[in-house]
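Okay, model_38.cif now, which holds mmCIF, N, CA and C atoms:
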data_coords
loop_
_atom_site.label_atom_id
_atom_site.label_comp_id
_atom_site.auth_asym_id
_atom_site.auth_seq_id
_atom_site.Cartn_x
_atom_site.Cartn_y
_atom_site.Cartn_z
N MET H 1 0.86 -1.18 0.00
CA MET H 1 0.00 0.00 0.00
C MET H 1 0.90 1.24 0.00
N ASP H 2 0.60 2.20 -0.85
CA ASP H 2 1.44 3.40 -0.90
C ASP H 2 1.09 4.36 0.24
N SER H 3 1.95 5.34 0.43
CA SER H 3 1.80 6.28 1.55
C SER H 3 0.48 7.04 1.50
N ALA H 4 0.10 7.49 0.31
CA ALA H 4 -1.14 8.26 0.19
C ALA H 4 -2.35 7.42 0.58
N ALA H 5 -2.39 6.18 0.16
CA ALA H 5 -3.51 5.29 0.49
C ALA H 5 -3.53 4.98 1.99
N ALA H 6 -2.37 4.71 2.56
CA ALA H 6 -2.29 4.44 4.00
C ALA H 6 -2.72 5.66 4.80
N LEU H 7 -2.30 6.84 4.36
CA LEU H 7 -2.68 8.07 5.06
C LEU H 7 -4.17 8.33 4.93
N ALA H 8 -4.73 8.07 3.76
CA ALA H 8 -6.18 8.25 3.56
C ALA H 8 -6.97 7.34 4.50
N ARG H 9 -6.48 6.12 4.69
CA ARG H 9 -7.14 5.19 5.62
C ARG H 9 -7.10 5.75 7.04
N TRP H 10 -5.95 6.31 7.45
CA TRP H 10 -5.84 6.90 8.79
C TRP H 10 -6.79 8.09 8.93
N HIS H 11 -6.82 8.97 7.94
CA HIS H 11 -7.71 10.13 7.99
C HIS H 11 -9.17 9.71 8.10
N ALA H 12 -9.55 8.64 7.42
CA ALA H 12 -10.93 8.15 7.49
C ALA H 12 -11.28 7.70 8.91
N VAL H 13 -10.35 7.02 9.56
CA VAL H 13 -10.60 6.58 10.95
C VAL H 13 -10.72 7.80 11.87
N VAL H 14 -9.83 8.76 11.72
CA VAL H 14 -9.86 9.95 12.57
C VAL H 14 -11.14 10.74 12.33
N LYS H 15 -11.52 10.90 11.09
CA LYS H 15 -12.73 11.65 10.75
C LYS H 15 -13.97 11.00 11.36
N SER H 16 -14.01 9.68 11.35
CA SER H 16 -15.18 8.96 11.88
C SER H 16 -15.25 9.04 13.40
N ARG H 17 -14.09 9.24 14.06
CA ARG H 17 -13.99 9.24 15.52
C ARG H 17 -14.53 7.95 16.12
N ASP H 18 -14.51 6.89 15.32
CA ASP H 18 -15.00 5.59 15.76
C ASP H 18 -13.80 4.70 16.09
N ALA H 19 -13.59 4.47 17.37
CA ALA H 19 -12.44 3.67 17.82
C ALA H 19 -12.51 2.23 17.30
N ALA H 20 -13.67 1.77 16.87
CA ALA H 20 -13.79 0.42 16.33
C ALA H 20 -12.95 0.27 15.06
N GLY H 21 -12.65 1.37 14.39
CA GLY H 21 -11.84 1.32 13.18
C GLY H 21 -10.35 1.34 13.44
N LEU H 22 -9.94 1.49 14.68
CA LEU H 22 -8.52 1.61 15.00
C LEU H 22 -7.70 0.32 14.86
N PRO H 23 -8.19 -0.83 15.23
CA PRO H 23 -7.31 -2.00 15.14
C PRO H 23 -6.86 -2.33 13.71
N ALA H 24 -7.70 -2.12 12.72
CA ALA H 24 -7.38 -2.54 11.36
C ALA H 24 -6.08 -1.94 10.81
N PRO H 25 -5.83 -0.64 10.97
CA PRO H 25 -4.60 -0.09 10.39
C PRO H 25 -3.36 -0.23 11.28
N VAL H 26 -3.48 -0.89 12.43
CA VAL H 26 -2.36 -0.99 13.38
C VAL H 26 -1.77 -2.39 13.33
N ALA H 27 -0.45 -2.47 13.11
CA ALA H 27 0.25 -3.76 13.07
C ALA H 27 0.24 -4.42 14.45
N GLU H 28 0.30 -5.74 14.44
CA GLU H 28 0.29 -6.53 15.69
C GLU H 28 1.40 -6.09 16.65
N ASP H 29 2.58 -5.78 16.13
CA ASP H 29 3.72 -5.42 16.98
C ASP H 29 4.01 -3.92 16.98
N ALA H 30 2.99 -3.12 16.72
CA ALA H 30 3.15 -1.67 16.65
C ALA H 30 3.67 -1.10 17.97
N VAL H 31 4.26 0.08 17.88
CA VAL H 31 4.82 0.78 19.05
C VAL H 31 4.21 2.18 19.10
N PHE H 32 3.80 2.59 20.31
CA PHE H 32 3.30 3.94 20.54
C PHE H 32 4.30 4.67 21.42
N ARG H 33 4.70 5.85 20.98
CA ARG H 33 5.64 6.68 21.74
C ARG H 33 4.92 7.94 22.18
N SER H 34 4.68 8.02 23.46
CA SER H 34 3.94 9.12 24.07
C SER H 34 4.88 10.24 24.48
N PRO H 35 4.40 11.48 24.44
CA PRO H 35 5.22 12.58 24.93
C PRO H 35 5.34 12.57 26.46
N ALA H 36 4.55 11.72 27.10
CA ALA H 36 4.53 11.71 28.56
C ALA H 36 5.11 10.46 29.20
N VAL H 37 5.23 9.40 28.42
CA VAL H 37 5.69 8.12 28.96
C VAL H 37 7.06 7.81 28.35
N HIS H 38 8.05 7.57 29.20
CA HIS H 38 9.41 7.36 28.71
C HIS H 38 9.55 6.10 27.87
N THR H 39 8.95 5.01 28.31
CA THR H 39 9.14 3.74 27.60
C THR H 39 8.13 3.60 26.46
N PRO H 40 8.57 3.06 25.34
CA PRO H 40 7.64 2.80 24.24
C PRO H 40 6.58 1.80 24.68
N GLN H 41 5.36 2.00 24.22
CA GLN H 41 4.24 1.12 24.53
C GLN H 41 4.07 0.19 23.34
N VAL H 42 4.16 -1.13 23.56
CA VAL H 42 4.25 -2.09 22.47
C VAL H 42 3.02 -2.98 22.37
N GLY H 43 2.60 -3.22 21.13
CA GLY H 43 1.51 -4.16 20.84
C GLY H 43 0.26 -3.45 20.37
N ARG H 44 -0.44 -4.12 19.43
CA ARG H 44 -1.66 -3.53 18.85
C ARG H 44 -2.66 -3.10 19.91
N ASP H 45 -2.96 -3.96 20.87
CA ASP H 45 -3.98 -3.62 21.87
C ASP H 45 -3.58 -2.38 22.66
N THR H 46 -2.31 -2.28 23.01
CA THR H 46 -1.83 -1.12 23.77
C THR H 46 -1.90 0.15 22.93
N VAL H 47 -1.44 0.06 21.69
CA VAL H 47 -1.47 1.22 20.79
C VAL H 47 -2.91 1.66 20.57
N VAL H 48 -3.79 0.72 20.30
CA VAL H 48 -5.21 1.04 20.09
C VAL H 48 -5.79 1.68 21.34
N GLY H 49 -5.41 1.22 22.52
CA GLY H 49 -5.89 1.82 23.77
C GLY H 49 -5.48 3.28 23.88
N TYR H 50 -4.22 3.57 23.60
CA TYR H 50 -3.75 4.96 23.65
C TYR H 50 -4.47 5.82 22.61
N LEU H 51 -4.62 5.31 21.40
CA LEU H 51 -5.28 6.09 20.36
C LEU H 51 -6.76 6.29 20.67
N THR H 52 -7.40 5.30 21.25
CA THR H 52 -8.80 5.43 21.66
C THR H 52 -8.94 6.53 22.70
N ALA H 53 -8.06 6.52 23.70
CA ALA H 53 -8.10 7.57 24.73
C ALA H 53 -7.84 8.94 24.10
N ALA H 54 -6.93 8.99 23.14
CA ALA H 54 -6.63 10.26 22.47
C ALA H 54 -7.85 10.79 21.72
N PHE H 55 -8.64 9.92 21.10
CA PHE H 55 -9.86 10.37 20.43
C PHE H 55 -10.76 11.12 21.41
N THR H 56 -10.86 10.59 22.63
CA THR H 56 -11.71 11.21 23.64
C THR H 56 -11.10 12.51 24.14
N VAL H 57 -9.83 12.48 24.50
CA VAL H 57 -9.18 13.65 25.11
C VAL H 57 -8.99 14.79 24.10
N LEU H 58 -8.52 14.47 22.91
CA LEU H 58 -8.25 15.52 21.93
C LEU H 58 -9.53 15.99 21.26
N GLY H 59 -10.57 15.17 21.35
CA GLY H 59 -11.91 15.56 21.00
C GLY H 59 -12.20 15.95 19.56
N PRO H 60 -13.40 16.45 19.38
CA PRO H 60 -13.87 16.79 18.04
C PRO H 60 -13.14 17.98 17.42
N GLU H 61 -12.42 18.74 18.21
CA GLU H 61 -11.69 19.89 17.67
C GLU H 61 -10.37 19.50 17.02
N LEU H 62 -9.94 18.24 17.19
CA LEU H 62 -8.69 17.79 16.59
C LEU H 62 -8.77 17.96 15.07
N ALA H 63 -7.80 18.69 14.53
CA ALA H 63 -7.75 18.90 13.09
C ALA H 63 -6.30 18.86 12.62
N TYR H 64 -6.07 18.10 11.58
CA TYR H 64 -4.74 18.09 10.97
C TYR H 64 -4.64 19.29 10.03
N GLU H 65 -3.54 20.03 10.16
CA GLU H 65 -3.36 21.25 9.37
C GLU H 65 -2.39 21.09 8.22
N ARG H 66 -1.36 20.28 8.42
CA ARG H 66 -0.34 20.07 7.39
C ARG H 66 0.16 18.64 7.49
N GLU H 67 0.72 18.15 6.39
CA GLU H 67 1.28 16.80 6.42
C GLU H 67 2.46 16.71 5.46
N TRP H 68 3.37 15.83 5.82
CA TRP H 68 4.54 15.54 5.02
C TRP H 68 4.59 14.03 4.84
N LEU H 69 4.77 13.59 3.61
CA LEU H 69 4.78 12.15 3.30
C LEU H 69 6.15 11.69 2.85
N ALA H 70 6.50 10.51 3.28
CA ALA H 70 7.69 9.80 2.77
C ALA H 70 7.20 8.42 2.32
N SER H 71 8.09 7.63 1.78
CA SER H 71 7.67 6.34 1.23
C SER H 71 7.09 5.40 2.29
N ASP H 72 7.56 5.49 3.53
CA ASP H 72 7.08 4.60 4.59
C ASP H 72 6.57 5.33 5.82
N SER H 73 6.33 6.64 5.71
CA SER H 73 5.93 7.39 6.90
C SER H 73 5.24 8.69 6.53
N ALA H 74 4.66 9.31 7.57
CA ALA H 74 4.02 10.62 7.42
C ALA H 74 4.18 11.38 8.72
N VAL H 75 4.28 12.68 8.60
CA VAL H 75 4.25 13.58 9.75
C VAL H 75 3.02 14.45 9.58
N LEU H 76 2.15 14.43 10.58
CA LEU H 76 0.89 15.16 10.53
C LEU H 76 0.87 16.21 11.64
N GLN H 77 0.77 17.46 11.27
CA GLN H 77 0.71 18.54 12.26
C GLN H 77 -0.75 18.76 12.62
N PHE H 78 -1.04 18.83 13.92
CA PHE H 78 -2.43 19.00 14.36
C PHE H 78 -2.58 20.13 15.36
N ARG H 79 -3.82 20.54 15.51
CA ARG H 79 -4.23 21.50 16.54
C ARG H 79 -5.52 21.00 17.17
N THR H 80 -5.68 21.34 18.44
CA THR H 80 -6.92 21.06 19.14
C THR H 80 -6.95 21.93 20.39
N THR H 81 -7.97 21.75 21.20
CA THR H 81 -8.08 22.45 22.48
C THR H 81 -8.35 21.41 23.56
N VAL H 82 -7.60 21.49 24.65
CA VAL H 82 -7.78 20.58 25.78
C VAL H 82 -7.77 21.42 27.04
N GLY H 83 -8.82 21.32 27.84
CA GLY H 83 -8.88 22.08 29.08
C GLY H 83 -8.78 23.58 28.86
N GLY H 84 -9.33 24.06 27.75
CA GLY H 84 -9.30 25.48 27.44
C GLY H 84 -7.97 25.97 26.89
N LEU H 85 -7.02 25.07 26.69
CA LEU H 85 -5.69 25.45 26.19
C LEU H 85 -5.53 25.02 24.73
N ASP H 86 -4.90 25.88 23.94
CA ASP H 86 -4.57 25.52 22.57
C ASP H 86 -3.42 24.52 22.59
N VAL H 87 -3.61 23.42 21.88
CA VAL H 87 -2.61 22.35 21.79
C VAL H 87 -2.12 22.28 20.35
N SER H 88 -0.83 22.24 20.20
CA SER H 88 -0.21 22.07 18.89
C SER H 88 0.68 20.85 18.96
N GLY H 89 0.66 20.03 17.91
CA GLY H 89 1.49 18.84 17.96
C GLY H 89 1.68 18.20 16.61
N VAL H 90 2.44 17.12 16.64
CA VAL H 90 2.64 16.31 15.44
C VAL H 90 2.50 14.84 15.79
N ASP H 91 1.95 14.11 14.84
CA ASP H 91 1.94 12.66 14.88
C ASP H 91 2.93 12.21 13.82
N ILE H 92 3.86 11.36 14.20
CA ILE H 92 4.81 10.78 13.26
C ILE H 92 4.44 9.31 13.13
N ILE H 93 3.99 8.94 11.94
CA ILE H 93 3.44 7.61 11.72
C ILE H 93 4.31 6.87 10.71
N THR H 94 4.82 5.72 11.13
CA THR H 94 5.61 4.86 10.25
C THR H 94 4.77 3.62 9.94
N ARG H 95 4.87 3.15 8.71
CA ARG H 95 4.05 2.00 8.31
C ARG H 95 4.91 0.96 7.60
N ASP H 96 4.37 -0.25 7.54
CA ASP H 96 5.06 -1.32 6.80
C ASP H 96 4.56 -1.35 5.35
N THR H 97 5.02 -2.30 4.58
CA THR H 97 4.66 -2.35 3.17
C THR H 97 3.19 -2.69 2.94
N ASP H 98 2.52 -3.24 3.95
CA ASP H 98 1.09 -3.52 3.85
C ASP H 98 0.23 -2.33 4.27
N GLY H 99 0.88 -1.24 4.66
CA GLY H 99 0.15 -0.05 5.09
C GLY H 99 -0.21 -0.05 6.56
N GLN H 100 0.23 -1.06 7.31
CA GLN H 100 -0.06 -1.16 8.73
C GLN H 100 0.85 -0.19 9.51
N ILE H 101 0.30 0.49 10.49
CA ILE H 101 1.08 1.38 11.34
C ILE H 101 1.99 0.54 12.22
N THR H 102 3.29 0.81 12.16
CA THR H 102 4.26 0.08 12.98
C THR H 102 4.81 0.94 14.11
N ASP H 103 4.76 2.26 13.95
CA ASP H 103 5.27 3.17 14.97
C ASP H 103 4.46 4.45 14.92
N PHE H 104 3.97 4.88 16.09
CA PHE H 104 3.17 6.09 16.18
C PHE H 104 3.77 6.94 17.29
N THR H 105 4.38 8.05 16.92
CA THR H 105 5.02 8.94 17.89
C THR H 105 4.26 10.25 17.94
N VAL H 106 4.00 10.74 19.15
CA VAL H 106 3.28 11.99 19.34
C VAL H 106 4.19 12.99 20.05
N MET H 107 4.18 14.23 19.54
CA MET H 107 4.88 15.34 20.20
C MET H 107 3.89 16.47 20.34
N ILE H 108 3.89 17.11 21.53
CA ILE H 108 2.92 18.17 21.83
C ILE H 108 3.63 19.37 22.45
N ARG H 109 3.14 20.55 22.12
CA ARG H 109 3.62 21.79 22.72
C ARG H 109 2.43 22.72 22.90
N PRO H 110 2.47 23.75 23.67
CA PRO H 110 3.51 24.08 24.64
C PRO H 110 3.39 23.22 25.90
N MET H 111 4.33 23.39 26.81
CA MET H 111 4.38 22.55 28.01
C MET H 111 3.06 22.57 28.80
N LYS H 112 2.46 23.73 28.92
CA LYS H 112 1.20 23.84 29.67
C LYS H 112 0.12 22.97 29.02
N ALA H 113 0.09 22.96 27.70
CA ALA H 113 -0.88 22.13 26.98
C ALA H 113 -0.54 20.65 27.14
N LEU H 114 0.75 20.32 27.06
CA LEU H 114 1.18 18.94 27.25
C LEU H 114 0.74 18.44 28.63
N ASN H 115 0.93 19.26 29.65
CA ASN H 115 0.52 18.87 31.01
C ASN H 115 -0.98 18.59 31.07
N ALA H 116 -1.79 19.42 30.40
CA ALA H 116 -3.24 19.20 30.39
C ALA H 116 -3.58 17.90 29.67
N VAL H 117 -2.91 17.64 28.55
CA VAL H 117 -3.16 16.40 27.80
C VAL H 117 -2.75 15.19 28.64
N VAL H 118 -1.60 15.25 29.28
CA VAL H 118 -1.11 14.14 30.11
C VAL H 118 -2.12 13.85 31.22
N GLU H 119 -2.58 14.88 31.88
CA GLU H 119 -3.54 14.69 32.98
C GLU H 119 -4.82 14.04 32.48
N GLN H 120 -5.36 14.54 31.39
CA GLN H 120 -6.63 14.00 30.88
C GLN H 120 -6.45 12.62 30.25
N MET H 121 -5.31 12.38 29.59
CA MET H 121 -5.06 11.05 29.05
C MET H 121 -4.95 10.02 30.17
N GLY H 122 -4.26 10.38 31.25
CA GLY H 122 -4.14 9.48 32.39
C GLY H 122 -5.50 9.12 32.95
N ALA H 123 -6.35 10.13 33.11
CA ALA H 123 -7.69 9.90 33.64
C ALA H 123 -8.52 9.03 32.69
N GLU H 124 -8.40 9.29 31.39
CA GLU H 124 -9.17 8.51 30.40
C GLU H 124 -8.68 7.06 30.34
N LEU H 125 -7.36 6.86 30.37
CA LEU H 125 -6.83 5.49 30.36
C LEU H 125 -7.27 4.73 31.61
N MET H 126 -7.28 5.38 32.75
CA MET H 126 -7.74 4.74 34.00
C MET H 126 -9.22 4.40 33.90
N ARG H 127 -10.01 5.31 33.33
CA ARG H 127 -11.44 5.06 33.15
C ARG H 127 -11.66 3.86 32.24
N MET H 128 -10.88 3.79 31.16
CA MET H 128 -10.99 2.67 30.23
C MET H 128 -10.61 1.35 30.90
N LEU H 129 -9.57 1.36 31.71
CA LEU H 129 -9.15 0.14 32.40
C LEU H 129 -10.18 -0.32 33.41
N ALA H 130 -10.84 0.65 34.07
CA ALA H 130 -11.85 0.32 35.07
C ALA H 130 -13.12 -0.23 34.41
N GLY H 131 -13.37 0.18 33.16
CA GLY H 131 -14.60 -0.24 32.46
C GLY H 131 -14.40 -1.53 31.82
#
Conversion result in structure tokens:
Amino acid sequence: MDSAAALARWHAVVKSRDAAGLPAPVAEDAVFRSPAVHTPQVGRDTVVGYLTAAFTVLGPELAYEREWLASDSAVLQFRTTVGGLDVSGVDIITRDTDGQITDFTVMIRPMKALNAVVEQMGAELMRMLAG
């Protein structure tokens, strides 16, 4: 699958805001790299869990503004609002030849916004684990 097709599949999942669509584009051994957690989070279920929580926390205001494509990856610049704060960030997505996401790295700025995202992501992940 080429980069444009893989990216279109990701955009469709994000646009739908339906977490049920998340497992399909994520490889079994995918890695999630959080701006708040030092160690990489490994495995489809774990990556899907983080992305599901992100859908809730980053909410309906999440919008990708710019993107850069390479043969096996994409960098997507986004904006949203969390806790009344403007959040700016990038998703760096690497994929395999089948178009499956193998690595998903998130970077967020400014620090005040990152702190708000970390707090709300922690609460959402705990809520998901309890449910």
Name all residues at most 10 Å from region 41-45 of chain H (count only C-alpha atoms; drop same-chain ones fewer than 3 positions away) and give them as a ChimeraX atom specification.
/H:22-34,37-38,48-51,101-104
Just N, CA and C atoms for this one: save the residues we selected as a PDB file, in the coordinates of the input.
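Writing the result to again-v2.pdb gives the following:
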ATOM      1  N   LEU H  22      -9.940   1.490  14.680  1.00  0.00           N
ATOM      2  CA  LEU H  22      -8.520   1.610  15.000  1.00  0.00           C
ATOM      3  C   LEU H  22      -7.700   0.320  14.860  1.00  0.00           C
ATOM      4  N   PRO H  23      -8.190  -0.830  15.230  1.00  0.00           N
ATOM      5  CA  PRO H  23      -7.310  -2.000  15.140  1.00  0.00           C
ATOM      6  C   PRO H  23      -6.860  -2.330  13.710  1.00  0.00           C
ATOM      7  N   ALA H  24      -7.700  -2.120  12.720  1.00  0.00           N
ATOM      8  CA  ALA H  24      -7.380  -2.540  11.360  1.00  0.00           C
ATOM      9  C   ALA H  24      -6.080  -1.940  10.810  1.00  0.00           C
ATOM     10  N   PRO H  25      -5.830  -0.640  10.970  1.00  0.00           N
ATOM     11  CA  PRO H  25      -4.600  -0.090  10.390  1.00  0.00           C
ATOM     12  C   PRO H  25      -3.360  -0.230  11.280  1.00  0.00           C
ATOM     13  N   VAL H  26      -3.480  -0.890  12.430  1.00  0.00           N
ATOM     14  CA  VAL H  26      -2.360  -0.990  13.380  1.00  0.00           C
ATOM     15  C   VAL H  26      -1.770  -2.390  13.330  1.00  0.00           C
ATOM     16  N   ALA H  27      -0.450  -2.470  13.110  1.00  0.00           N
ATOM     17  CA  ALA H  27       0.250  -3.760  13.070  1.00  0.00           C
ATOM     18  C   ALA H  27       0.240  -4.420  14.450  1.00  0.00           C
ATOM     19  N   GLU H  28       0.300  -5.740  14.440  1.00  0.00           N
ATOM     20  CA  GLU H  28       0.290  -6.530  15.690  1.00  0.00           C
ATOM     21  C   GLU H  28       1.400  -6.090  16.650  1.00  0.00           C
ATOM     22  N   ASP H  29       2.580  -5.780  16.130  1.00  0.00           N
ATOM     23  CA  ASP H  29       3.720  -5.420  16.980  1.00  0.00           C
ATOM     24  C   ASP H  29       4.010  -3.920  16.980  1.00  0.00           C
ATOM     25  N   ALA H  30       2.990  -3.120  16.720  1.00  0.00           N
ATOM     26  CA  ALA H  30       3.150  -1.670  16.650  1.00  0.00           C
ATOM     27  C   ALA H  30       3.670  -1.100  17.970  1.00  0.00           C
ATOM     28  N   VAL H  31       4.260   0.080  17.880  1.00  0.00           N
ATOM     29  CA  VAL H  31       4.820   0.780  19.050  1.00  0.00           C
ATOM     30  C   VAL H  31       4.210   2.180  19.100  1.00  0.00           C
ATOM     31  N   PHE H  32       3.800   2.590  20.310  1.00  0.00           N
ATOM     32  CA  PHE H  32       3.300   3.940  20.540  1.00  0.00           C
ATOM     33  C   PHE H  32       4.300   4.670  21.420  1.00  0.00           C
ATOM     34  N   ARG H  33       4.700   5.850  20.980  1.00  0.00           N
ATOM     35  CA  ARG H  33       5.640   6.680  21.740  1.00  0.00           C
ATOM     36  C   ARG H  33       4.920   7.940  22.180  1.00  0.00           C
ATOM     37  N   SER H  34       4.680   8.020  23.460  1.00  0.00           N
ATOM     38  CA  SER H  34       3.940   9.120  24.070  1.00  0.00           C
ATOM     39  C   SER H  34       4.880  10.240  24.480  1.00  0.00           C
ATOM     40  N   VAL H  37       5.230   9.400  28.420  1.00  0.00           N
ATOM     41  CA  VAL H  37       5.690   8.120  28.960  1.00  0.00           C
ATOM     42  C   VAL H  37       7.060   7.810  28.350  1.00  0.00           C
ATOM     43  N   HIS H  38       8.050   7.570  29.200  1.00  0.00           N
ATOM     44  CA  HIS H  38       9.410   7.360  28.710  1.00  0.00           C
ATOM     45  C   HIS H  38       9.550   6.100  27.870  1.00  0.00           C
ATOM     46  N   VAL H  48      -3.790   0.720  20.300  1.00  0.00           N
ATOM     47  CA  VAL H  48      -5.210   1.040  20.090  1.00  0.00           C
ATOM     48  C   VAL H  48      -5.790   1.680  21.340  1.00  0.00           C
ATOM     49  N   GLY H  49      -5.410   1.220  22.520  1.00  0.00           N
ATOM     50  CA  GLY H  49      -5.890   1.820  23.770  1.00  0.00           C
ATOM     51  C   GLY H  49      -5.480   3.280  23.880  1.00  0.00           C
ATOM     52  N   TYR H  50      -4.220   3.570  23.600  1.00  0.00           N
ATOM     53  CA  TYR H  50      -3.750   4.960  23.650  1.00  0.00           C
ATOM     54  C   TYR H  50      -4.470   5.820  22.610  1.00  0.00           C
ATOM     55  N   LEU H  51      -4.620   5.310  21.400  1.00  0.00           N
ATOM     56  CA  LEU H  51      -5.280   6.090  20.360  1.00  0.00           C
ATOM     57  C   LEU H  51      -6.760   6.290  20.670  1.00  0.00           C
ATOM     58  N   ILE H 101       0.300   0.490  10.490  1.00  0.00           N
ATOM     59  CA  ILE H 101       1.080   1.380  11.340  1.00  0.00           C
ATOM     60  C   ILE H 101       1.990   0.540  12.220  1.00  0.00           C
ATOM     61  N   THR H 102       3.290   0.810  12.160  1.00  0.00           N
ATOM     62  CA  THR H 102       4.260   0.080  12.980  1.00  0.00           C
ATOM     63  C   THR H 102       4.810   0.940  14.110  1.00  0.00           C
ATOM     64  N   ASP H 103       4.760   2.260  13.950  1.00  0.00           N
ATOM     65  CA  ASP H 103       5.270   3.170  14.970  1.00  0.00           C
ATOM     66  C   ASP H 103       4.460   4.450  14.920  1.00  0.00           C
ATOM     67  N   PHE H 104       3.970   4.880  16.090  1.00  0.00           N
ATOM     68  CA  PHE H 104       3.170   6.090  16.180  1.00  0.00           C
ATOM     69  C   PHE H 104       3.770   6.940  17.290  1.00  0.00           C
TER      70      PHE H 104
END
Excluding Ser73 (chain H) and residues on its chain fewer than 6 positions from it, collect all residues at most 7 Å away from it, counting all atoms listed in the file, and give them as a ChimeraX atom specification.
/H:3,92-95
Tell me, in Å to one decimal, how far CA of Leu69 (chain H) is from CA of Ala54 (chain H).
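Pair CA of Leu69 (chain H) / CA of Ala54 (chain H) returns 22.4 Å.
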Picked residues, the PyMOL selection byres (((chain H and resi 10-13 and name CA) around 10) and name CA), expected as a list in words
Ala4, Ala5, Ala6, Leu7, Ala8, Arg9, Val14, Lys15, Ser16, Arg17, Asp18, Ala19, Ala20, Gly21, Leu22, Ala24, Pro25, Val26, Tyr64, Ile93, Gly99, Gln100 and Ile101 of chain H
Set the distance at 8 Å and use all atoms listed in the file: which residues neighbour Thr56 (chain H) once local chain neighbours fewer than 3 positions away are removed? I'd like the list as a PDB file with N, CA and C atoms, in the coordinates of the input.
ATOM      1  N   ARG H  17     -14.090   9.240  14.060  1.00  0.00           N
ATOM      2  CA  ARG H  17     -13.990   9.240  15.520  1.00  0.00           C
ATOM      3  C   ARG H  17     -14.530   7.950  16.120  1.00  0.00           C
ATOM      4  N   TYR H  50      -4.220   3.570  23.600  1.00  0.00           N
ATOM      5  CA  TYR H  50      -3.750   4.960  23.650  1.00  0.00           C
ATOM      6  C   TYR H  50      -4.470   5.820  22.610  1.00  0.00           C
ATOM      7  N   LEU H  51      -4.620   5.310  21.400  1.00  0.00           N
ATOM      8  CA  LEU H  51      -5.280   6.090  20.360  1.00  0.00           C
ATOM      9  C   LEU H  51      -6.760   6.290  20.670  1.00  0.00           C
ATOM     10  N   THR H  52      -7.400   5.300  21.250  1.00  0.00           N
ATOM     11  CA  THR H  52      -8.800   5.430  21.660  1.00  0.00           C
ATOM     12  C   THR H  52      -8.940   6.530  22.700  1.00  0.00           C
ATOM     13  N   ALA H  53      -8.060   6.520  23.700  1.00  0.00           N
ATOM     14  CA  ALA H  53      -8.100   7.570  24.730  1.00  0.00           C
ATOM     15  C   ALA H  53      -7.840   8.940  24.100  1.00  0.00           C
ATOM     16  N   GLY H  59     -10.570  15.170  21.350  1.00  0.00           N
ATOM     17  CA  GLY H  59     -11.910  15.560  21.000  1.00  0.00           C
ATOM     18  C   GLY H  59     -12.200  15.950  19.560  1.00  0.00           C
ATOM     19  N   PRO H  60     -13.400  16.450  19.380  1.00  0.00           N
ATOM     20  CA  PRO H  60     -13.870  16.790  18.040  1.00  0.00           C
ATOM     21  C   PRO H  60     -13.140  17.980  17.420  1.00  0.00           C
ATOM     22  N   GLN H 120      -5.360  14.540  31.390  1.00  0.00           N
ATOM     23  CA  GLN H 120      -6.630  14.000  30.880  1.00  0.00           C
ATOM     24  C   GLN H 120      -6.450  12.620  30.250  1.00  0.00           C
ATOM     25  N   MET H 121      -5.310  12.380  29.590  1.00  0.00           N
ATOM     26  CA  MET H 121      -5.060  11.050  29.050  1.00  0.00           C
ATOM     27  C   MET H 121      -4.950  10.020  30.170  1.00  0.00           C
ATOM     28  N   GLU H 124      -8.400   9.290  31.390  1.00  0.00           N
ATOM     29  CA  GLU H 124      -9.170   8.510  30.400  1.00  0.00           C
ATOM     30  C   GLU H 124      -8.680   7.060  30.340  1.00  0.00           C
TER      31      GLU H 124
END
What would the selection look like, as a PyMOL selection string, if the PyMOL selection byres ((chain H and resi 110) around 8) were run on the coordinates I just shared?
chain H and resi 86-89+108-109+111-116
Distance CA of Leu85 (chain H)-CA of Val47 (chain H), one decimal place?
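Straight-line distance from CA of Leu85 (chain H) to CA of Val47 (chain H) works out to 25.2 Å.
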Separation of atom C of Glu61 (chain H) from atom N of Ala130 (chain H), in Å and rounded to one decimal:
25.4 Å
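Nearest residue to Leu129 (chain H), choosing from H:Val117, H:Thr46, H:Leu62, H:Asp91 and counting only C-alpha atoms: H:Thr46.
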Selected residue of minimal separation from Val106 (chain H) among H:Val90, H:Val57, H:Glu67, H:Val118, counting only N, CA and C atoms
H:Val90
Within chain H, find each residue whose DSSP state, derived from the backbone, is helix (DSSP H, G or I), and express the selection as a ChimeraX atom specification.
/H:3-16,19-21,44-58,111-130
